[in-house]
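Novice: Dumping the structure here so I can ask a few things about it.
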Protein chains: 2
Amino acid sequence: MNEINIDEICAWARAGGDTARKYFNHITGKRKPDRTWVTQADIEIEQFLRAQISDLYPEHGIMGEEQGIGSIDREFVWSLDPLDGTAAFLAGLSTWCISIGLLRWGDPYAGVIYLPMLDDCYWTDSNGVAYRNDSVIRVSDTNVIDNNDWISVSSNAHRNFRISFPGKTRSLGSVAADFCYVSRGSSLGALIGRASLWDMAAGLSILRAAGGVAVTLGGKPVETKPLLGGLTHSEAILVSTPVLLDQLHTYIQRVER
Amino acid sequence: MNEINIDEICAWARAGGDTARKYFNHITGKRKPDRTWVTQADIEIEQFLRAQISDLYPEHGIMGEEQGIGSIDREFVWSLDPLDGTAAFLAGLSTWCISIGLLRWGDPYAGVIYLPMLDDCYWTDSNGVAYRNDSVIRVSDTNVIDNNDWISVSSNAHRNFRISFPGKTRSLGSVAADFCYVSRGSSLGALIGRASLWDMAAGLSILRAAGGVAVTLGGKPVETKPLLGGLTHSEAILVSTPVLLDQLHTYIQRVER
């Protein structure tokens, strides 16, 4: 059963967004042991997604940011970030999202990312085409960087990297959203600090379907299988277009500390 | 006539937001001579705001980003940015706003900033209290910076400044929004590159009413009178709380080029 009902997954993401909106500006968070935030919204949305998946795809495994790693020795494993950008959510900012990725034998297979404040649903099934709502999206095909072009960077990039990109840098608060903006051809790239699989599973599917690429700063393709255990993080990652990846790389230098 | 009907101004900002939302994701921009962007949304909203102001306050002057400087030798002058964050708007991002500032003898007097995608209206009349929608807002009263605290920075800060702030930096795409997030106590500060009066007029009113401060990187209070002609820009500006301003200053170094 390799057919995924992607409309159904998008509907789950939208329902998760409704839950998040209900709590938005009316909730405080708690610090997790790694000092990042969790809220009642994160927890409720993940519970909801897990229930839907178990109901529709009982044979699949599930790993999620808040409720951990289920059986992952399966052909299909869902990798959930019920609220990517919880810190931004708590700050009253607008860029946070529900990220639902599906892996097959550990590789990105399909994904849905929903940004409630924009009502934007990014998605791909396993047919190699990416969408924002009803429109097909592709990464930018430019080979010239203008001073009004932009990339997104992680919120601690100012301490860890020296960046000489000639356009704008933005930091929005959500890794999953960073993937979406490259995928739709809006940003030319994203510099992502260490990330967990649930931050990237959906984003990588959408990015690749939109023609984008993701490599470690060391220059290797991003591999998801080693992250399947859920407790490890990737190295820093550079997301971009095939045409611009090498050029973007030259603008980014890690700061030795 | 020093009484301003602030409810009416908020209603104008919301109507401007409706216009912007209508064009959002369905519009392309044009480059202005300074290479920044303008769209039909910017133009329509400014026309609308000018018509409302001329109708209700015919004796007041108006300066706006898109249609220039009217008679500014008046006690009251409105300083309008009909769409602050046009580049973010064109990029499909969510942080852009309608900014309506009122100056009295060249000093910030009242202001309204509306973020349509969040349905957040920040405002102050001339009574020294700032609001987000119906709630009074104040800048943060913390004197300790945690690694989850954040400041906003301009989108070219990576080239112009070395920033060692121990928390997160975000770049959202709108100077007016930067003022709002400091004013509500969400961010601890904002590093703003050179800005025009229309980017700051409403934000400075709201910030000061919320207990915040704004200085040039040289350490002088931000003065709006010299910017009233509209064609000049401020130096880079640091916005923060009275408690944290000096500490924040130590984290920011201009890069000599």
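Starting from 1 in every chain, residues are counted up; chains themselves are A, B, ... following the order of the structure tokens, and ligands are numbered from 1 as listed.
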Write out as an mmCIF file with N, CA and C atoms, in the first residue's frame each polymer residue whose atoms come within 6 Å of Arg194 of chain A, counting only C-alpha atoms; drop sequence neighbours fewer than 6 positions from it.
Specialist:
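Written output follows (part37.cif):
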```
data_model
loop_
_atom_site.group_PDB
_atom_site.id
_atom_site.type_symbol
_atom_site.label_atom_id
_atom_site.label_comp_id
_atom_site.auth_asym_id
_atom_site.auth_seq_id
_atom_site.Cartn_x
_atom_site.Cartn_y
_atom_site.Cartn_z
ATOM 1 N N HIS A 233 20.900 14.808 15.838
ATOM 2 C CA HIS A 233 20.659 15.972 14.997
ATOM 3 C C HIS A 233 21.558 15.891 13.785
ATOM 4 N N SER A 234 21.140 16.554 12.756
ATOM 5 C CA SER A 234 21.998 16.684 11.586
ATOM 6 C C SER A 234 23.105 17.688 11.882
ATOM 7 N N GLU A 235 24.123 17.706 11.055
ATOM 8 C CA GLU A 235 25.030 18.857 10.975
ATOM 9 C C GLU A 235 24.238 20.049 10.428
ATOM 10 N N ALA A 236 24.885 21.203 10.401
ATOM 11 C CA ALA A 236 24.260 22.348 9.737
ATOM 12 C C ALA A 236 24.040 22.011 8.264
#
```
Novice: Specify as a list in words all residues of chain B found within 7 Å of chain A, counting only C-alpha atoms.
Specialist: Ala91, Ser94, Met117, Leu118, Ser155, Asn156, His158, Arg159, Ile163, Ser164, Lys168, Thr169, Arg170, Ser171, Leu172 and Ser186 of chain B
Novice: What are the DSSP strand (DSSP E or B) residues of segment 6-118 of chain A, as a PyMOL selection string?
Specialist: chain A and resi 30-31+37-38+61-64+68-69+76-84+97-104+107-115
Novice: Take atom CA of Gln247 of chain B and atom CA of Thr224 of chain B and report the distance between them in Å, one decimal.
Specialist: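 Atom CA of Thr224 of chain B lies at a distance of 24.5 Å from atom CA of Gln247 of chain B.
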Novice: Could you pull out all residues of segment 58-253 of chain A with a DSSP call of alpha helix (DSSP H) and give them as a PyMOL selection string?
Specialist: chain A and resi 86-90+157-160+175-183+197-209+245-250
Novice: Residues near segment 218-222 of chain A, anyone? I mean within 12 Å using only C-alpha atoms, not counting same-chain ones fewer than 5 positions away, as an MDAnalysis selection string.
Specialist: chainID A and resid 107:108 192 194:197 200:201 204:205 208 212:213 227 233:239 245:246 248:250 252:254
Novice: Env of Cys121 of chain A: 12 Å cut, atoms = only C-alpha atoms, seq-sep filter 4 positions within chain, self excluded. Answer as a short mmCIF file (atom, residue, chain, number, x, y, z; two decimals) with N, CA and C atoms, in the first residue's frame.
Specialist:
```cif
data_model
loop_
_atom_site.label_atom_id
_atom_site.label_comp_id
_atom_site.auth_asym_id
_atom_site.auth_seq_id
_atom_site.Cartn_x
_atom_site.Cartn_y
_atom_site.Cartn_z
N ILE A 6 -3.26 12.11 0.17
CA ILE A 6 -2.62 13.36 0.58
C ILE A 6 -3.66 14.42 0.95
N ASP A 7 -4.83 14.38 0.33
CA ASP A 7 -5.88 15.33 0.71
C ASP A 7 -6.25 15.16 2.18
N ILE A 9 -4.26 14.02 4.51
CA ILE A 9 -3.14 14.51 5.35
C ILE A 9 -3.20 16.05 5.45
N CYS A 10 -3.50 16.69 4.31
CA CYS A 10 -3.65 18.16 4.33
C CYS A 10 -4.79 18.56 5.28
N ALA A 11 -5.85 17.80 5.28
CA ALA A 11 -6.98 18.11 6.17
C ALA A 11 -6.57 17.95 7.64
N TRP A 12 -5.75 16.95 7.94
CA TRP A 12 -5.24 16.82 9.33
C TRP A 12 -4.40 18.04 9.71
N ALA A 13 -3.56 18.47 8.77
CA ALA A 13 -2.69 19.61 9.07
C ALA A 13 -3.53 20.87 9.32
N ARG A 14 -4.58 21.04 8.53
CA ARG A 14 -5.46 22.20 8.73
C ARG A 14 -6.18 22.11 10.07
N ALA A 15 -6.61 20.92 10.44
CA ALA A 15 -7.27 20.75 11.74
C ALA A 15 -6.28 21.05 12.87
N GLY A 16 -5.02 20.61 12.68
CA GLY A 16 -3.98 20.95 13.66
C GLY A 16 -3.80 22.46 13.76
N GLY A 17 -3.85 23.11 12.61
CA GLY A 17 -3.73 24.57 12.59
C GLY A 17 -4.86 25.24 13.35
N CYS A 97 4.28 26.31 12.00
CA CYS A 97 3.54 25.44 11.11
C CYS A 97 3.40 24.03 11.67
N ILE A 98 2.56 23.27 11.04
CA ILE A 98 2.37 21.86 11.34
C ILE A 98 3.10 21.09 10.24
N SER A 99 4.02 20.22 10.64
CA SER A 99 4.84 19.52 9.66
C SER A 99 4.63 18.01 9.80
N ILE A 100 4.19 17.40 8.71
CA ILE A 100 3.86 15.97 8.70
C ILE A 100 4.65 15.33 7.56
N GLY A 111 5.06 14.62 2.08
CA GLY A 111 5.04 15.56 3.20
C GLY A 111 4.01 16.66 3.03
N VAL A 112 3.57 17.18 4.18
CA VAL A 112 2.62 18.30 4.23
C VAL A 112 3.11 19.28 5.29
N ILE A 113 3.17 20.55 4.93
CA ILE A 113 3.51 21.61 5.89
C ILE A 113 2.43 22.69 5.77
N TYR A 114 1.79 23.00 6.91
CA TYR A 114 0.69 23.96 6.88
C TYR A 114 1.03 25.15 7.78
N LEU A 115 0.96 26.34 7.21
CA LEU A 115 1.21 27.58 7.96
C LEU A 115 -0.13 28.25 8.24
N PRO A 116 -0.65 28.10 9.45
CA PRO A 116 -2.02 28.57 9.72
C PRO A 116 -2.23 30.06 9.51
N MET A 117 -1.26 30.91 9.90
CA MET A 117 -1.54 32.35 9.82
C MET A 117 -1.58 32.83 8.37
N ALA A 130 5.54 19.24 -6.32
CA ALA A 130 5.24 19.94 -5.07
C ALA A 130 4.22 21.04 -5.31
N TYR A 131 3.43 21.31 -4.30
CA TYR A 131 2.34 22.29 -4.41
C TYR A 131 2.32 23.24 -3.23
N ARG A 132 1.86 24.47 -3.49
CA ARG A 132 1.35 25.34 -2.43
C ARG A 132 -0.13 25.49 -2.70
N ASN A 133 -0.95 24.98 -1.81
CA ASN A 133 -2.39 24.92 -2.04
C ASN A 133 -2.64 24.22 -3.38
N ASP A 134 -3.26 24.88 -4.34
CA ASP A 134 -3.56 24.20 -5.60
C ASP A 134 -2.52 24.43 -6.69
N SER A 135 -1.47 25.17 -6.38
CA SER A 135 -0.51 25.56 -7.43
C SER A 135 0.78 24.76 -7.33
N VAL A 136 1.25 24.31 -8.48
CA VAL A 136 2.57 23.66 -8.53
C VAL A 136 3.65 24.68 -8.18
N ILE A 137 4.61 24.28 -7.38
CA ILE A 137 5.73 25.18 -7.04
C ILE A 137 7.05 24.57 -7.50
N ALA A 176 10.84 24.15 9.05
CA ALA A 176 9.93 23.62 8.03
C ALA A 176 9.51 24.74 7.07
N ALA A 177 9.23 25.92 7.61
CA ALA A 177 8.87 27.05 6.75
C ALA A 177 10.05 27.46 5.86
N CYS A 180 9.84 25.52 2.84
CA CYS A 180 8.72 25.93 1.97
C CYS A 180 9.10 27.13 1.11
N TYR A 181 9.78 28.12 1.73
CA TYR A 181 10.06 29.34 0.97
C TYR A 181 11.13 29.11 -0.11
N ARG A 184 9.10 27.18 -2.98
CA ARG A 184 8.18 27.95 -3.83
C ARG A 184 8.92 28.95 -4.70
N ALA A 202 9.18 16.39 6.25
CA ALA A 202 8.24 16.90 5.26
C ALA A 202 8.93 17.89 4.32
N GLY A 203 9.74 18.75 4.89
CA GLY A 203 10.42 19.78 4.10
C GLY A 203 11.31 19.21 3.02
N ILE A 206 9.17 17.93 0.09
CA ILE A 206 8.62 19.03 -0.71
C ILE A 206 9.74 19.69 -1.52
#
```
Novice: Pick out the residues sitting within 8 Å of segment 81-83 of chain B, and hand them over as a list in words; count only C-alpha atoms, and ignore anything fewer than 3 positions along from it in its own chain.
Specialist: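 Near segment 81-83 of chain B, the qualifying residues are Gly16, Ala20, Ala41, Asp42, Ile43, Ile45, Glu46, Leu49, Gly64, Glu65, Glu66, Thr86, Trp96, Cys97, Ile98, Ser99, Ile100, Trp198 and Asp199 of chain B.
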Novice: Write a file of the selected residues as a PDB file, in the first residue's frame, keeping N, CA and C atoms.
Specialist:
```
ATOM      1  N   GLY B  16      -7.175  49.176   5.152  1.00  0.00           N
ATOM      2  CA  GLY B  16      -5.960  49.047   4.344  1.00  0.00           C
ATOM      3  C   GLY B  16      -5.491  47.600   4.294  1.00  0.00           C
ATOM      4  N   ALA B  20      -4.735  45.059   1.138  1.00  0.00           N
ATOM      5  CA  ALA B  20      -3.473  44.328   0.965  1.00  0.00           C
ATOM      6  C   ALA B  20      -3.728  42.836   0.819  1.00  0.00           C
ATOM      7  N   ALA B  41      -0.849  47.609  -4.242  1.00  0.00           N
ATOM      8  CA  ALA B  41      -1.412  47.637  -2.891  1.00  0.00           C
ATOM      9  C   ALA B  41      -0.897  48.850  -2.123  1.00  0.00           C
ATOM     10  N   ASP B  42       0.428  49.083  -2.164  1.00  0.00           N
ATOM     11  CA  ASP B  42       0.997  50.257  -1.487  1.00  0.00           C
ATOM     12  C   ASP B  42       0.276  51.529  -1.946  1.00  0.00           C
ATOM     13  N   ILE B  43       0.132  51.647  -3.267  1.00  0.00           N
ATOM     14  CA  ILE B  43      -0.415  52.880  -3.842  1.00  0.00           C
ATOM     15  C   ILE B  43      -1.875  53.075  -3.449  1.00  0.00           C
ATOM     16  N   ILE B  45      -3.539  51.783  -0.924  1.00  0.00           N
ATOM     17  CA  ILE B  45      -3.743  52.008   0.512  1.00  0.00           C
ATOM     18  C   ILE B  45      -3.371  53.438   0.885  1.00  0.00           C
ATOM     19  N   GLU B  46      -2.274  53.931   0.313  1.00  0.00           N
ATOM     20  CA  GLU B  46      -1.899  55.312   0.649  1.00  0.00           C
ATOM     21  C   GLU B  46      -2.957  56.302   0.150  1.00  0.00           C
ATOM     22  N   LEU B  49      -5.776  56.186   2.615  1.00  0.00           N
ATOM     23  CA  LEU B  49      -5.480  56.838   3.899  1.00  0.00           C
ATOM     24  C   LEU B  49      -5.457  58.358   3.751  1.00  0.00           C
ATOM     25  N   GLY B  64       3.854  60.607   2.841  1.00  0.00           N
ATOM     26  CA  GLY B  64       3.684  59.165   2.716  1.00  0.00           C
ATOM     27  C   GLY B  64       4.771  58.591   1.841  1.00  0.00           C
ATOM     28  N   GLU B  65       5.034  57.297   2.005  1.00  0.00           N
ATOM     29  CA  GLU B  65       6.156  56.707   1.303  1.00  0.00           C
ATOM     30  C   GLU B  65       5.979  56.761  -0.203  1.00  0.00           C
ATOM     31  N   GLU B  66       4.750  56.586  -0.675  1.00  0.00           N
ATOM     32  CA  GLU B  66       4.580  56.431  -2.115  1.00  0.00           C
ATOM     33  C   GLU B  66       4.214  57.725  -2.834  1.00  0.00           C
ATOM     34  N   THR B  86       7.166  45.724   2.068  1.00  0.00           N
ATOM     35  CA  THR B  86       6.678  45.349   0.730  1.00  0.00           C
ATOM     36  C   THR B  86       7.450  44.150   0.176  1.00  0.00           C
ATOM     37  N   TRP B  96       4.178  41.987   7.465  1.00  0.00           N
ATOM     38  CA  TRP B  96       4.109  43.280   6.798  1.00  0.00           C
ATOM     39  C   TRP B  96       2.900  43.985   7.393  1.00  0.00           C
ATOM     40  N   CYS B  97       2.856  45.293   7.259  1.00  0.00           N
ATOM     41  CA  CYS B  97       1.823  46.011   8.026  1.00  0.00           C
ATOM     42  C   CYS B  97       1.521  47.369   7.425  1.00  0.00           C
ATOM     43  N   ILE B  98       0.453  47.925   7.913  1.00  0.00           N
ATOM     44  CA  ILE B  98       0.051  49.289   7.578  1.00  0.00           C
ATOM     45  C   ILE B  98       0.455  50.174   8.755  1.00  0.00           C
ATOM     46  N   SER B  99       1.245  51.207   8.484  1.00  0.00           N
ATOM     47  CA  SER B  99       1.771  52.032   9.569  1.00  0.00           C
ATOM     48  C   SER B  99       1.308  53.475   9.395  1.00  0.00           C
ATOM     49  N   ILE B 100       0.604  53.975  10.388  1.00  0.00           N
ATOM     50  CA  ILE B 100       0.020  55.316  10.331  1.00  0.00           C
ATOM     51  C   ILE B 100       0.503  56.088  11.555  1.00  0.00           C
ATOM     52  N   TRP B 198       8.664  57.601   7.780  1.00  0.00           N
ATOM     53  CA  TRP B 198       7.397  56.863   7.692  1.00  0.00           C
ATOM     54  C   TRP B 198       7.504  55.415   8.183  1.00  0.00           C
ATOM     55  N   ASP B 199       8.758  54.892   8.205  1.00  0.00           N
ATOM     56  CA  ASP B 199       8.946  53.558   8.784  1.00  0.00           C
ATOM     57  C   ASP B 199       8.804  53.571  10.304  1.00  0.00           C
TER      58      ASP B 199
END
```
Novice: To one decimal in Å, tell me the separation between atom CA of Pro58 of chain B and atom CA of Phe76 of chain B.
Specialist: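 Atom CA of Phe76 of chain B lies at a distance of 10.5 Å from atom CA of Pro58 of chain B.
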Novice: With only C-alpha atoms as the basis for distance, which of B:Thr124, B:Thr142, B:Thr39, B:Ser174 is at the shortest distance from Ala209 of chain B?
Specialist: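 Selected residue with least distance to Ala209 of chain B: B:Thr124.
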Novice: Just give me the gap between atom CA of Val139 of chain A and atom CA of His26 of chain B in Å, one decimal is fine.
Specialist: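 Going from atom CA of Val139 of chain A over to atom CA of His26 of chain B covers 18.2 Å.
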